[in-house]
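Below is one structure; the comments refer to it alone.
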Amino acid sequence: MKKIILIVSVLFLFLILLTLGPYNPFLEFNEEQGLRDFIKNDHQFKGEEIVEIDYKGSDTYYLQTKEGDQLNDYIVMRYATSMMNGHWKVFEQTSIENFY
């Protein structure tokens, strides 16, 4: 009985640390929601409507926005400086090279 209480206590403590701590594994498994949060808070995308989000692999997304009649293409990459610090880099796509 003491083993069960100890195991449940350790699991409960682990869940509390995961939900309230600085490292949120939910965003790690749900990167598109993390990208949408970044887009919502970033000043570069203010006033632009998101038309398409396409995952290209290796934490890289193709993002197409619309501002008025103009379509803008971006490449958004997530990189981690440490286990708990993830950042996003935004590049405006100007051309497509070696497109097959």
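Simple scheme: letters A, B, ... for chains in structure tokens order, numbers from 1 for residues in each chain, numbers from 1 for ligands in the order shown.
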> Can you list, as a ChimeraX atom specification, every protein, DNA or RNA residue that comes within 8 Å of Ile75 of chain A when you count only C-alpha atoms, leaving out same-chain residues fewer than 6 positions away?
Replying inline: /A:60-63,90-93
Generate a file of the selected residues that holds N, CA and C atoms, formatted as a PDB file, in the first residue's frame.
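Just written: selection_30.pdb:
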```pdb
ATOM      1  N   THR A  60      10.351  23.267 -39.340  1.00  0.00           N
ATOM      2  CA  THR A  60      10.283  24.312 -40.358  1.00  0.00           C
ATOM      3  C   THR A  60       8.885  24.333 -40.956  1.00  0.00           C
ATOM      4  N   TYR A  61       8.334  25.525 -41.081  1.00  0.00           N
ATOM      5  CA  TYR A  61       6.989  25.706 -41.616  1.00  0.00           C
ATOM      6  C   TYR A  61       7.004  26.699 -42.759  1.00  0.00           C
ATOM      7  N   TYR A  62       6.160  26.443 -43.743  1.00  0.00           N
ATOM      8  CA  TYR A  62       5.877  27.408 -44.798  1.00  0.00           C
ATOM      9  C   TYR A  62       4.607  28.124 -44.383  1.00  0.00           C
ATOM     10  N   LEU A  63       4.625  29.435 -44.419  1.00  0.00           N
ATOM     11  CA  LEU A  63       3.507  30.239 -43.955  1.00  0.00           C
ATOM     12  C   LEU A  63       3.142  31.237 -45.043  1.00  0.00           C
ATOM     13  N   VAL A  90      12.000  34.007 -38.498  1.00  0.00           N
ATOM     14  CA  VAL A  90      11.097  34.246 -39.624  1.00  0.00           C
ATOM     15  C   VAL A  90      11.916  34.777 -40.790  1.00  0.00           C
ATOM     16  N   PHE A  91      11.759  34.138 -41.944  1.00  0.00           N
ATOM     17  CA  PHE A  91      12.419  34.571 -43.169  1.00  0.00           C
ATOM     18  C   PHE A  91      11.345  34.806 -44.222  1.00  0.00           C
ATOM     19  N   GLU A  92      11.450  35.908 -44.938  1.00  0.00           N
ATOM     20  CA  GLU A  92      10.509  36.142 -46.027  1.00  0.00           C
ATOM     21  C   GLU A  92      11.023  35.397 -47.252  1.00  0.00           C
ATOM     22  N   GLN A  93      10.164  34.608 -47.852  1.00  0.00           N
ATOM     23  CA  GLN A  93      10.559  33.822 -49.021  1.00  0.00           C
ATOM     24  C   GLN A  93      10.511  34.725 -50.233  1.00  0.00           C
TER      25      GLN A  93
END
```
> Among chain A, which residues carry a DSSP assignment of helix (DSSP H, G or I), reported as a ChimeraX atom specification?
Replying inline: /A:2-20,25-29,31-41,43-45
>> If I take atom CA of Lys66 of chain A and atom CA of Glu48 of chain A, how far is one from the other in Å, to one decimal?
In response: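 Straight-line distance from atom CA of Lys66 of chain A to atom CA of Glu48 of chain A works out to 5.5 Å.
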> Of the candidates A:Tyr55, A:Glu49, A:Gln44, A:Leu13, which shows the shortest atom-to-atom distance to Asp69 of chain A, using only C-alpha atoms?
Replying inline: A:Glu49
>> Just to confirm, what's the straight-line distance from atom CA of Asp59 of chain A to atom CA of Trp88 of chain A in Å (one decimal)?
In response: 9.5 Å
>> I want to know what sits within 12 Å of Phe38 of chain A, based on only C-alpha atoms, with residues of the same chain fewer than 2 positions away left out; could you give that as a ChimeraX atom specification?
In response: /A:27,31-36,40-46,76-78,86-90
Since we have the selection now, will you write its residues out, keeping N, CA and C atoms, as a compact mmCIF listing (two decimals), in the first residue's frame?
```txt
# COMPACT_ATOMS: atom_id res chain seq x y z
N LEU A 27 3.56 21.90 -25.82
CA LEU A 27 3.93 22.68 -27.01
C LEU A 27 4.94 21.93 -27.86
N GLU A 31 3.37 21.53 -31.99
CA GLU A 31 4.13 22.68 -32.43
C GLU A 31 3.29 23.66 -33.24
N GLU A 32 2.30 23.17 -33.95
CA GLU A 32 1.50 24.09 -34.76
C GLU A 32 0.76 25.07 -33.87
N GLN A 33 0.30 24.63 -32.71
CA GLN A 33 -0.34 25.56 -31.78
C GLN A 33 0.68 26.55 -31.24
N GLY A 34 1.90 26.10 -30.99
CA GLY A 34 2.97 27.00 -30.58
C GLY A 34 3.28 28.03 -31.65
N LEU A 35 3.26 27.60 -32.91
CA LEU A 35 3.47 28.52 -34.02
C LEU A 35 2.34 29.54 -34.11
N ARG A 36 1.11 29.09 -33.93
CA ARG A 36 -0.02 30.03 -33.96
C ARG A 36 0.06 31.05 -32.82
N LYS A 40 0.41 35.09 -33.39
CA LYS A 40 -0.52 36.01 -32.74
C LYS A 40 0.21 37.10 -31.97
N ASN A 41 1.36 36.78 -31.38
CA ASN A 41 2.09 37.73 -30.54
C ASN A 41 3.18 38.50 -31.28
N ASP A 42 3.59 38.05 -32.45
CA ASP A 42 4.70 38.68 -33.16
C ASP A 42 4.22 39.91 -33.91
N HIS A 43 5.01 40.98 -33.87
CA HIS A 43 4.61 42.24 -34.51
C HIS A 43 4.70 42.17 -36.03
N GLN A 44 5.47 41.23 -36.57
CA GLN A 44 5.64 41.14 -38.02
C GLN A 44 4.36 40.71 -38.74
N PHE A 45 3.50 39.98 -38.07
CA PHE A 45 2.29 39.46 -38.71
C PHE A 45 1.03 40.23 -38.34
N LYS A 46 1.16 41.39 -37.70
CA LYS A 46 -0.02 42.18 -37.33
C LYS A 46 -0.74 42.65 -38.59
N VAL A 76 9.22 29.84 -41.52
CA VAL A 76 9.34 30.01 -40.08
C VAL A 76 10.02 28.76 -39.53
N MET A 77 11.13 28.99 -38.81
CA MET A 77 11.90 27.87 -38.27
C MET A 77 11.97 27.99 -36.76
N ARG A 78 11.81 26.87 -36.09
CA ARG A 78 11.95 26.82 -34.64
C ARG A 78 13.32 26.27 -34.32
N GLY A 86 13.00 27.69 -26.59
CA GLY A 86 12.76 27.57 -28.01
C GLY A 86 12.43 28.94 -28.58
N HIS A 87 12.96 29.24 -29.74
CA HIS A 87 12.72 30.52 -30.40
C HIS A 87 12.30 30.26 -31.84
N TRP A 88 11.72 31.28 -32.46
CA TRP A 88 11.28 31.18 -33.84
C TRP A 88 12.04 32.20 -34.67
N LYS A 89 12.50 31.80 -35.84
CA LYS A 89 13.12 32.69 -36.82
C LYS A 89 12.17 32.79 -38.00
N VAL A 90 12.00 34.01 -38.50
CA VAL A 90 11.10 34.25 -39.62
C VAL A 90 11.92 34.78 -40.79
```
> Interatomic distance between atom CA of Asp54 of chain A and atom CA of Asn72 of chain A?
Replying inline: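 Separation between atom CA of Asp54 of chain A and atom CA of Asn72 of chain A: 14.0 Å.
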